[in-house]
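Single-structure report; data block below.
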2 protein chains.
Amino acid sequence: MPGMLKTVLNLGLDDKTVHGLAKQTNDERFAYDAYRRYLQLCGNVMMGMDWEVLEKILEKRKSQRGYSSDTELTMEDLKVIVMAMQSAIREVTGRECAFDPYSQLWEAISAVMESWNSPPALAYREANNIPAEWGTSVTVQAMVFGNMGDKSGSGVVFSRDPTTGERKLYGEFLRNSQGEDVVGGIRTPQPIGALEEFIPECYSELVDVSQRLERHFRDLQDIEFTIQNEKLWILQTRAGKRTAQAAVKIAIDMVREKLISGKEVFNYVTSDDIEQLLHPVLDTKIERKLVATGLPASPGVASGKIIFDPEELSGLVSDLGGEYILVRNETSADDFPGIRVAAGVLTAKGGITSHAAVVTRGMGKPCIVGAAALNIDDVKEQFIAGDGVVRKGDYITLNGATGEVFAGKLPVVNPRPSRELEELLVWADLIKRLNVMANADNDQDAKLARDFGAEGIGLCRTEHMFFHTDRIDHFRRVILAETEAEKAVALRKLLSMQKEDFTRIFEQMDGLPVTIRLLDPPFHEFLPLPSATAELRVLAKRLGIPFGKLEEKLAALTECNPMLGHRGCRLGITSPQIYEMQVRAIVEAAYDVSKAGTTVFPEIMLPLIGYVQEVEFLKDLVTRTSEKIREERGAEGLKYKLGIMIELPRAALIANELAGLVDFFSFGTNDLTQTTLGISRDDARTFMPFYLKNQIIKTDPFITLDETGVGELIKTAIEKGRKTNPDLKIGVCGEHGGDPKSIEFFSRLGVDYVSCSPYRVPVARFASAQAALKGEGQGQTMANMR
Amino acid sequence: MPGMLKTVLNLGLDDKTVHGLAKQTNDERFAYDAYRRYLQLCGNVMMGMDWEVLEKILEKRKSQRGYSSDTELTMEDLKVIVMAMQSAIREVTGRECAFDPYSQLWEAISAVMESWNSPPALAYREANNIPAEWGTSVTVQAMVFGNMGDKSGSGVVFSRDPTTGERKLYGEFLRNSQGEDVVGGIRTPQPIGALEEFIPECYSELVDVSQRLERHFRDLQDIEFTIQNEKLWILQTRAGKRTAQAAVKIAIDMVREKLISGKEVFNYVTSDDIEQLLHPVLDTKIERKLVATGLPASPGVASGKIIFDPEELSGLVSDLGGEYILVRNETSADDFPGIRVAAGVLTAKGGITSHAAVVTRGMGKPCIVGAAALNIDDVKEQFIAGDGVVRKGDYITLNGATGEVFAGKLPVVNPRPSRELEELLVWADLIKRLNVMANADNDQDAKLARDFGAEGIGLCRTEHMFFHTDRIDHFRRVILAETEAEKAVALRKLLSMQKEDFTRIFEQMDGLPVTIRLLDPPFHEFLPLPSATAELRVLAKRLGIPFGKLEEKLAALTECNPMLGHRGCRLGITSPQIYEMQVRAIVEAAYDVSKAGTTVFPEIMLPLIGYVQEVEFLKDLVTRTSEKIREERGAEGLKYKLGIMIELPRAALIANELAGLVDFFSFGTNDLTQTTLGISRDDARTFMPFYLKNQIIKTDPFITLDETGVGELIKTAIEKGRKTNPDLKIGVCGEHGGDPKSIEFFSRLGVDYVSCSPYRVPVARFASAQAALKGEGQGQTMANMR
C-alpha cells in the first residue's frame, strides 16, 4: 500500500497537510470538496480502511462523467461522492466521520499526532535514524485555493537549479490546480517561466520571495506556493535536495555572494557528494541490456572486453590503459598482476569482503562480486547469463555502484572535477588539521596520489612489488632456499628491483614523506595453494626443486589462522635477511635520489608489532644496515624516521613502552579491528549480514571504525604514546583512513595524518576539514607534523 | 668442555672455592699440593687453557706410579707435576703463574669476580633468571685438611633425608680426604652412620650442629664439613635441595615441631612439587630400551598396546580403563573418541601446541608429539623406529615429561597422595581466596574434579558431548539440514542426549555450581576435512545426502581464520535453535534432578561475546526458553545464573556495558591471549621457539598469562565490570587457570575463581593459597562467591 504509506508520512512528517481540511469557504462546492478530502483522510488514516475503497468511489464518478480532473467535479458530483463515501465508511468500520468542522479539525490533529507511532512511520524513522523523542507537530492554517480558475494555480520552485546549482529560479507551475495535482502527476505542469507570461506580478513576487527566503535560511529553498486569484501564497519552504554537483556549486557561490562564510561551506556539502563527484557514472539516458546482477563491491563504471585468464591479461596489457574486464569465479593473490591491469573485475563467487572486492576498492577500480547466476566455463572461455552466451572478447559494462552488468560498451559520464570542487578542496586543506596521505605501492599510484592532493605516502606495501610476474619467482626462491647462499642470490636480485621501485617513488614524491612498510604477509601467500597440484608441478620444474620438496615446504608453511600467524615483523625477526635487503633498498635509493637533487623523507615502518623486544631487535637491524651503507658510501648520515604499526591490541596497551623507541605510530585499523573484535574480515560474510540486518552491530566495523572498542584502544595508545614521547607522530593507514565518519573520530583524538587509497584522498581532505570545524574550540592539541 | 663449565660455575656461584688456595701449611707436601691446585685453576680458568692439558699431567704421573688416588702422591711426585704444569702453561700461554701466595690469592679473587661475566655464567644466569646486578662475592678462609690421616676426613650431610623428608641425619663421609674427593666420585664414600663408629664425638657434634643450623635457618640444611685430626669444621651450610615428597613432609613436620608457622609452609613447597607428586613416574631403576624421542607434550607415564586407528580404538574400549597407546601422524577433532579412551597419545608430527598436545593436556593424559623419526605405515599398521619395526599390539611406554618412548610395558611408580599432601591442601583451602573449579565435560570428569577438591565446574564444554561417535552424525544433520523440520528432528535427538549428560553431571556435582558453556566451535570442526574425499563419500551415503551437496556445504563452511570466524555466540544468534535446545536440556535436567533431591546450581555461559546486543539477544533467548519450560511444568522458577566469556579485547573494553546484563564474567584467557597478541596458538610453532630462545618473548604466553598485555585488559574489564555491577562474579577458565604464576596474578586482581583441568586442581588450590599469603595486607577486596 504505497498510497497509505505516503499519506501517513505526509501527515507524520509534514506539518502542512491539515491546513485546508476544516476551514470552509462560503462556496459550497469548495466546502463539499474539502469534506470529501476530509472523509478520505478520516477513513483511510484514522480508521485504517483499505485506501482503494474510497479512491474507487471518486474515480468511478469521474469516469461515469468522463472527467479527467478533479476540478471538473460539480457540487452535485461532490454531494454524490460524499454520500457514497460516508456509507462506505459506515459499512466497513461501523463508525461515522464528524461533520462539524471543529471536530474534524481536532480529529485530524489527533490523527497526525498518532501517526508518529504508526508502523510505517516507525520503519521510516529507523531507516533514517530519526529519534522517537523528536515527536511531530501540526500547523493549522487557513486554506487558499489554486483551483479558482485561470488566474489561480499552484507550483513548486527551487531558488536555484538543484541539478547544476545554477543561480536561477527553477520549478514547475500548474494553472487552476491545488498542490496535490502538481505532485500527483495527473496533469502535466509547465516550467516556472510560464508563470511570467500568465501572471507577471506573481512571478516577480515569487522570484523576490524565493531570494528573500534563501537569504533568510541561508540555503537553497524548495518552495511550495499557491496563487488564488492573482494573489501569491507561500505554503511551505524547506532546504532543497540537490545533486553533488549542485551542492558544491551552490555552497561556493553562496560564499561569493557573502550569504555564508568559507568555513560554512562544509556544512552544505557532504563527503558523499565528493565521493559521487569522483566516480565515473553511466549515462542513464542510453538504452541498455542487463546481463547479470551481483554485489556492488567497488563503485565506478568500467567497460571492457571479457577475459578469463589473469595471466593472459597481464601479458596482453603492459600498462594501466587496457580495456579488459577480468571475469573469474573468484580471485586470489596470484591473480594480482591481472587485476592490476584490468579495467574492472567481475566474479561469480565471493562477498563484498572477498579478495577481488578488497583489492579493487583499494585501487578505486569497479568490481562486482557474487554474481551467482553467471555460469563460467573456463575451458570454453565463456559464461552463460540468462538466455545468452557471453564469450571472451565480448564487451560488457560494470556499474560497480549498483552491481549491474550490462552487455556492450556503454558510454559513461566522466566526473568533471569542477572548478568549484577544486576550490573547495583547497579551502579544505587550509582548514583541516589532519594531513592526508595516500596508500601507494608504485610510482604510478604515487603520481595519482599527488594529483589527488595527497601530502605524502602513508603506506607503501613493499610486498606488492614481489607479486609482479617477473619477480614472484625470485621471492619464491628466497622462501624455498635450502642454503643461505641460494637465499642471498635471490635476495640480491630483489634488492636491485626494489631499489629501482623506491627510486621512482621517491622521485615522484619529491619533498614529501614516503612511509614504507617492510614485508607483511605470510610466506604461503606467495605460493600457489597446496591443492593446485598442476600449478605446483610447473613451478617446481621452473624453480628446479623436486616436487615432493615443494609440497613438503608448502605443508610446513600452511597455517590454521594466517591472520594470527607467522607474518609481519615476525618474519623480519626469523628471516632478518629479507628486512635487511628491504632496508638496504630503501636507504640506497634514498642516497641516490638525494644526490641527484630530490628531497626525500623516507619513513620505515615495522608491521604487526606486539612486543618491545621486537622493536629493539628490528631497530638494531635497521640502524646497523643504514650505518653500514653510510660507511660503504663514505656519505653523511641519511635522515629517516622509524615507526611501527599498531595493529594488535597488545601494542596499543603497551604504547607507552613502544613510543620511546620510535618516531611514529601508524594504526593499522583493519587488523586492529580484526583482532579487537575477533572477527576475520574474510570470514565475516557468514554472519555479518545477519548482524547488520538485526542491528546487533550497527555499522560494518570494517567500513566505519568501531569507536567503542577499537577506538578505545586507539585512544589509550595515543595517550600512553604521547606521554612517553611528546614528539610522536601518529597516523592511521587502515581503510578507515578514507572513511569520513572515522576521520572525524581520528581528528578528535589528535591523530596527525590518515592514509587512504589515492582515489579517496579528496574525500579524506574534505572530511578532515569538516572534522576540524566540528572540533573547533574543543581544546584539542594541534597535530605535530613535520 | 663440561669440566670448564663446572669450574667456572663453582667459582662464580659458590663463594667458598678459594678458601684453601693461598693459605699454606708448614707441611711442604700440602704446600705443593695446594700449588698444584692453584696452577690448574690459574691455567684453566684465568688463562683459558684446554682443561685436559694440565689434567693429563696429573693423571700421567698417577698412572706411571700406579696410584688410584691423589692422596697417594708424594711430595716428590707433586714437585714433578708442578714443574711439568708450569712449563705447559708457559708453552701454551706464554705466561707465568704467581708463586707468592698473596699474589695467588688476589689473582684467584679476581678470577672469581671476573667469572661472573663469563659466557657459561651468563648462560646459566639467563636459564635460571638470575639478574646480572646481583653480582658475586668471595669468602676467604683458612684451610683445614681432611686428608691428614685416619682421624681426618670430609663429607656432606643433610639435616633430614632430602628424598623422603624423614627426620634423621643423611649423608656421606670419606676418611682421609678433602671435600673434592667426596664430590669427585673417585673414591666411594660411606654412609654418614659410619662416622659414628670412627669418631663418635665428631658424629654427635655433627648431629647437634646440623640441628642447630636447621633451627637457625628454619629449613633443611645441606652441610659440608671437614674433620682435621678429630676436630670438626663446618665449611658451608645452605638450604638443601629436596624431592617434592620430602618438601611436603619436611614443611608439615616443621610446623608440628613449631619451627615454622602453618602459613609458612607455603614458602617451603612449590607448585612444581605438588604437580610432580601427582603424575605417575617411571621407575628409574628398571632397565629400558629407547624406541624414539619426541616433544614432551603432556606429562605423565603411560604404557599400552599400540593402535593406529582411533575409530577402532573407540570401539574396542567402552570405558576409560583400556590400555592402548594411540599412534598417529597427527590428530584432529575426529579422533576425539579414540583419544578419550587412549592411555596415551604418540604422534609423528605436530608441536607442543598441536591438537593432540592440547587435548591430552586438558585430560592430564601423557602425550608425546613430533616424534619425527617414526615412520608410520597406516596400511601395514606398524612403524619403523631406529633399527626395528614396531607393530600394532606391541607394548610401548611413553614418558610424557621427557618425550621418551620405550619398548615394552615399563613399571611406574604411582603418585602416593601422602597424608602430608592432603593435609597441606586442606590448609591451602583455609587460606586461599580464589575458589578452584574444574573443567569437566562429563560425569566421570566431574567425579574426578570432586575427588581432587574442585569446588564446582567452571567450564563444561557442551560441544565435546557432540563428538561422541553415536552423536556426531546427529549434530552433522543439524548442520547440514535443508529444512527446519529436518533440523528439528536431529535437535530433538540431541536434546535427550544432552539432557541425560547434564543430569548425570548435576547429580555428581550435588551442591556445587556447574558452569555450562553453550556451543562454541565453528560447524566445520564437526565435519571431515574437505580433502578427505573418501571419508566424505562414506558420510554422504550414511546421512543420505548427495555427495556434491555435502562438498558444497563444506566449502561454504570453510574459513580462512576459523579462530576469528563464525563461532561462539555468533552461532547461537544465527542458529538460535541450537542454543534453545541446549538451554532446554540444561533447564529440564536441573528441574528433574532438583525434584529428586539434588541441589543444583546451573550457570549458563555464552562464549565469544563482543557486543552488548549479542548478550541482549541471547539473554532473551535463555529467559524465554526457561520461562516456557517453567510454564510447561507448572513449576516454580528455576534459579540459574547467566554469564559471558570475556575472550575478545572488545568485550574487555566494554565490560561496564556488559556487566549490568549478567551475573558473571569468565575470562577465556586462551582466546583472549590469541586475539590480544595476534598469535594463533596452532601457528605459533613456526616462530615461538625462536622468540622464546632469543628472549623476544620471555615466557610462553599460552602457559603463563601475559600480564603486561592480556593482564591489562583483564584488569580493565574487572574494574569496569564491578563498577557497573558490584555483585559480578568473576572467573578464569582458560588454561592459565591452572598455572601458579598466573593464579597469583588473578588473585591480585580480585578474581573470584579459576577453573582448570581436574588434574591441576590440587596445584591450583596450593597456588591460590600461596597467592593469598603473598597478597595479604594489600587491601584486596574479598571475592564474593556463593
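Residue names in the C-alpha cells use chain letters A, B, ... in the order shown, residue numbers from 1 in each chain, and ligand numbers from 1 in the order shown.
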
Rows by chain and residue number, chain B within 7 Å of chain A, shortest pair, only C-alpha atoms, as a tab-separated table:
```
residue	atom	partner	partner_atom	distance
B:Glu559	CA	A:Asp683	CA	5.9
B:Cys560	CA	A:Asp683	CA	6.4
B:Asn561	CA	A:Asn561	CA	4.4
B:Pro562	CA	A:Asn561	CA	6.6
B:Met563	CA	A:Asn561	CA	6.6
B:Leu564	CA	A:Ile679	CA	4.6
B:Gly565	CA	A:Asp683	CA	5.4
B:His566	CA	A:Phe687	CA	6.6
B:Thr574	CA	A:Phe687	CA	6.9
B:Gly610	CA	A:Leu677	CA	6.4
B:Gln613	CA	A:Ile696	CA	5.0
B:Glu614	CA	A:Ile696	CA	6.2
B:Leu648	CA	A:Gly678	CA	6.0
B:Pro649	CA	A:Thr676	CA	4.9
B:Arg650	CA	A:Gly709	CA	4.9
B:Leu653	CA	A:Gly709	CA	6.0
B:Ile654	CA	A:Gly709	CA	6.8
B:Thr675	CA	A:Thr675	CA	5.0
B:Thr676	CA	A:Pro649	CA	4.9
B:Leu677	CA	A:Arg650	CA	5.5
B:Gly678	CA	A:Leu564	CA	4.9
B:Ile679	CA	A:Leu564	CA	4.6
B:Ser680	CA	A:Leu564	CA	4.9
B:Asp682	CA	A:Cys560	CA	6.6
B:Asp683	CA	A:Gly565	CA	5.4
B:Ala684	CA	A:Gly565	CA	6.5
B:Thr686	CA	A:His566	CA	6.7
B:Phe687	CA	A:His566	CA	6.6
B:Ile696	CA	A:Gln613	CA	5.0
B:Gly709	CA	A:Arg650	CA	4.9
```

### Message
Could you pull out the helix (DSSP H, G or I) residues of stretch 155-374 of chain A, going by DSSP on the backbone, and write them as a PyMOL selection string?
### Response
chain A and resi 179-184+193-198+200-217+244-256+265-268+271-278+310-316+333-341+355-363

### Task
Pick out each residue of stretch 471-594 of chain B that DSSP on the backbone tags as strand (DSSP E); I need them as an MDAnalysis selection string.
chainID B and resid 513:517

### Query
By how many Å are atom CA of B:Leu536 and atom CA of B:Lys549 apart?
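It comes out at 10.9 Å.
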
### Task
Please provide the set of residues having any atom within 10 Å of stretch 225-229 of chain B, restricted to only C-alpha atoms, with same-chain residues fewer than 5 positions apart removed, written as a PyMOL selection string.
chain B and resi 143-157+173-179+199+202+206+234-237
